[in-house]
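Visitor: I have a structure I would like to understand better, so I am pasting it below and will then ask my questions one at a time.
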Amino acid sequence: MTSLSEDLRLRIRAAINAQTKTNINVLSSLHAVLDDLGYIPEEAVEEVASSRHVTINEVWGVASFYTNFRFTPPGANSVEICWGPTCHLMGAQDIVSAVLGDLGMDNEGDTPDNMVSVKLNTCLGACSQAPVIMVNHRLIGRATVDSARAQMSKLPSSGH
Amino acid sequence: MPSYQELKSQANERWQELTNGEKPWIRIGTAMCGHAAGAFQVFDAIKAELDERGIAANMDEVGCLGICYAEPLVDIQKPGRSRLFFGNVSPEDVPAIIEAYLVNDKLPENNTLGYLGENAELGAPNLADIPGIKMQQRIALRNGGNTAPNDILQYIANGGYEGLNKALFDLQPAEVIKEVTDSGLRGRGGAAFPTGVKWSFMVRAEPPKYILCNCEEGDPGAYNDKGILESDPYTLLEGMCIAGYATGATNGFVFIRHGHEGPIGRTERAIEQAYEQGLLGKNILGSDFSFEIEVALTGESYVAGEETALMEAIEGHRSMPRFRPPFPAAFGVWGHPSTINNVKSLSYAPEIISKGAEWFSNIGVNRSTGTAIVCLNGKVNYPGLYEVPMGLTLGQIVNDIGGGVPNGKSLKMLQTGGPLGGVLGADSMDVHIDFDEMREAGAIFGSGGVIVIDEDTCAVDITRNLVAFTQYESCGKCFPCRLGMEQLLQVVERIAIFDGKPEDLDLLRSIGKTMEASSLCGHGQLGFGPIRSAIQHFESDFAAHIEEKRCPTGSCLPPMIAPKSTRPYAVDYVPPQPQGTKA
């Protein structure tokens, strides 16, 4: 193990052990790691399995089931676009095409330089303001292709 | 620990101080719609303006009044006076509002919506006269937009915990169940099962017993559960305690989706405050009743909102449904008796106990008593979160409250009850909001979403979106849904891109019939619903696509981009490579 990997394990263990709820399990431990690191490294799968006394298979099963988990470091900026029915009929697809097209992507994912991660979300919970996008955890309603492009151009190059 | 009377007395003092004290009280709606409209920037602008001018005021972030189209919504209450509301406020509007109203006691030129309160305010219109306010009857959302979601004293000052206090000291658990049953309350999560009856299933079981509150709310277009948590989490906590007392439960979980930071944060803080004031934990309000509540987060998964999948997620597993029997009341989380209720259902309990079953059952119609919390959105002039008596018609919701379809377009469809709820045509305006009547009309009231769709959207377009969602969210456990949804999606997509065949509609029906008969849970059983209702009401749109290779509105022309991943693999899942081998 490299020392980087060992440092990562220590950090992961700290995140898992910092949980204060009474209901601690594989999912809550994965969330603890996600909240700290922004992704689930391979080491975390092993550490969660070990701390919960379950198999690595069980942990991969949970982590790969829920679509909020990712397995590589997130981009410096995160952009989520809602593709639910309300946002769809209010013009979300135009925004999706524009944002992905501008970044040279054809679907969810990360730009090659990992400056931006784009995700499609089934509902951002602010349907009266459709179409809704979320840029670095900030909800932006009544979005248009122009306002989405304006947000994209303002993304800090050093991340949020 | 303080008694109810002591808390009430402190609470009344606090409320007096806020509404008729030394300083004006400024409230800003910062629930998710407010957030998306820019309310946090407005909050900061107000704070900065007050600091600059040296004006002292109490400021609170509040939840939903219901008129979401007017977000960001700000109201100012001068001591002893009515509240004056300003709508669609931007940070640039703030200086003029503060200058005009706080400094010069005049109405600003822009943004004034009206007043709420006993006395008129500077000639502004009475906000209680607009249909969006007048037609509401707020019970679960009675404090939304009025009290701060994280000041428990404000909740108590407005009648909070009176219900629980009455239940604990004046009623036996069986009497509480009788009140809730007699009120006619039916579950507001979608299945509409009588809540009191559901509670009665768990009474004789051995502890530990659990009350599980379902706030997964994965239905796109529905935001009333999150709305309650962001506006008034205490009504839910009090409702869970009442359910716990009635059923003999010992513990409760509030089940929320990871990532919904507003609802999660406000609920966590509410729980903390409740513990501090002896309203959770051991010997609540000095009684023999003890109850613990904790938030449990699910990952992103729509099926996690299904009762038994929810229990799997609380235990930390993949949220896949269980076979029933055994039912949750016999074998629930960790094998212990559990009752799953929706946020809305539990949020009614405090008022049902304090005001009585008869009061509640006199609201609404037939076997749909009480109120419906409608999430009205889409192509409508006044989208919002409207709590109305059951029995209003869809026309009253869409036209009277919603102001109809904008830009002179005609109403084409309503999509109700979440994606699996199906669609209704424009001829449904006389259908009443009533669980049974709507089901007979071929739609589901479900969790309360009403999405308004106009003539510019093709039925095939909205169907492909609903079917893609349903397929994406299939958990994969049972093959009728896993394979069936995939096939339904492929056929609908072929139709959308003008590659449909005449026999496709029968093929869809055949797949749907199999899924309905053999899927493990409602997701697969109802998965064909969107297609069935779309073909029933809009067969001509499908015919145009299949026979004429033409989209009647053009909205199907851009290809629909949906996430390409399906369960169980996430997009960037890369199996680990063994050490020492070449890639």
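A note on labels: chains of the structure tokens are A, B, ... as shown, every chain counts residues from 1, and ligands are counted from 1 in their shown order.
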With a distance threshold of 6 Å and counting only C-alpha atoms, extract the residues of chain A near chain B and express them as a list in words.
Guide: Asn25, Val26, Leu27, Val62, Ser64, Phe65, Tyr66, Thr67, Asn68, Gly84, Thr86, Cys123, Gly125, Ala126, Cys127, Ser128, Leu139, Ile140 and Gly141 of chain A
Visitor: Tell me, which residues of stretch 49-116 of chain A carry DSSP alpha helix (DSSP H), written as a ChimeraX atom specification?
Guide: /A:49-52,56-65,85-89,92-103
Visitor: Find the spatial neighbours of B:Lys513, counting only C-alpha atoms, within a cut-off of 12 Å - ignore same-chain residues fewer than 3 positions away - and output them as a list in words.
Guide: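 Neighbouring residues, sequence-local ones excluded: Pro480, Cys481, Gly484, Met485, Leu488, Asp506, Leu507, Leu508, Arg509, Ser510, Glu516, Ala517, Ser518, Ser519, Gly524, Gln525, Leu526, Gly527, Phe528, Gly529, Ile531 and Arg532 of chain B.
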Visitor: Could you list, as a PDB file with C-alpha atoms, in the first residue's frame, every residue within 8 Å of stretch 41-44 of chain A, counting only C-alpha atoms and ignoring same-chain residues fewer than 4 positions away?
Guide:
ATOM      1  CA  SER A   5      -3.621   4.960   0.025  1.00  0.00           C
ATOM      2  CA  LEU A   8      -6.965   7.802   2.393  1.00  0.00           C
ATOM      3  CA  ARG A   9      -7.877   4.793   4.527  1.00  0.00           C
ATOM      4  CA  ILE A  12     -12.196   7.038   5.373  1.00  0.00           C
ATOM      5  CA  LEU A  30     -21.142   4.941   2.408  1.00  0.00           C
ATOM      6  CA  VAL A  33     -17.629   8.647   2.969  1.00  0.00           C
ATOM      7  CA  VAL A  48     -16.974  -0.141   5.094  1.00  0.00           C
ATOM      8  CA  PHE A  71     -16.444   5.861  -7.850  1.00  0.00           C
ATOM      9  CA  THR A  72     -14.004   8.413  -9.228  1.00  0.00           C
TER      10      THR A  72
ATOM     11  CA  PRO B 576     -11.209  -3.075  -9.759  1.00  0.00           C
TER      12      PRO B 576
END
Visitor: Using DSSP on the backbone coordinates, identify all residues within stretch 88-133 of chain A classified as strand (DSSP E); present the result as a ChimeraX atom specification.
Guide: /A:109-110,116-121,133
Visitor: What's around A:Tyr39 at 7 Å? Count only C-alpha atoms, leave out sequence neighbours fewer than 4 positions away in its own chain, and write the answer as an MDAnalysis selection string.
Guide: chainID A and resid 34 69:74
Visitor: Which residues are near stretch 136-142 of chain B? Cut-off 6 Å, only C-alpha atoms, ignore same chain within fewer than 3 positions. Put them as a list in words.
Guide: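 That gives Ile133, Ser347, Tyr348, Glu387 and Val388 of chain B.
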Visitor: Rank nothing, just name the residue among A:Ala148, A:Val45, A:Ala76, A:Ala14 nearest to A:Ala63, using only C-alpha atoms.
Guide: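 Closest to A:Ala63, using only C-alpha atoms: A:Val45.
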Visitor: For A:Asp146, find every residue with an atom within 9 Å (counting only C-alpha atoms), except residues of its own chain fewer than 4 positions away, and show them as a PyMOL selection string.
Guide: chain A and resi 95+150-151
Visitor: Those selected residues, please, written with C-alpha atoms and delivered as a tab-separated table (two decimals), in the first residue's frame.
Guide:
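What follows is the written file result.tsv:
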chain	number	residue	atom	x	y	z
A	95	ILE	CA	-30.79	22.95	-21.72
A	150	ALA	CA	-24.24	32.08	-18.33
A	151	GLN	CA	-23.93	29.89	-15.23
Visitor: Which residue gives the smallest distance to A:His88 among B:Ile55, B:Cys556, B:Ile340, B:Phe85, with only C-alpha atoms counted?
Guide: B:Cys556
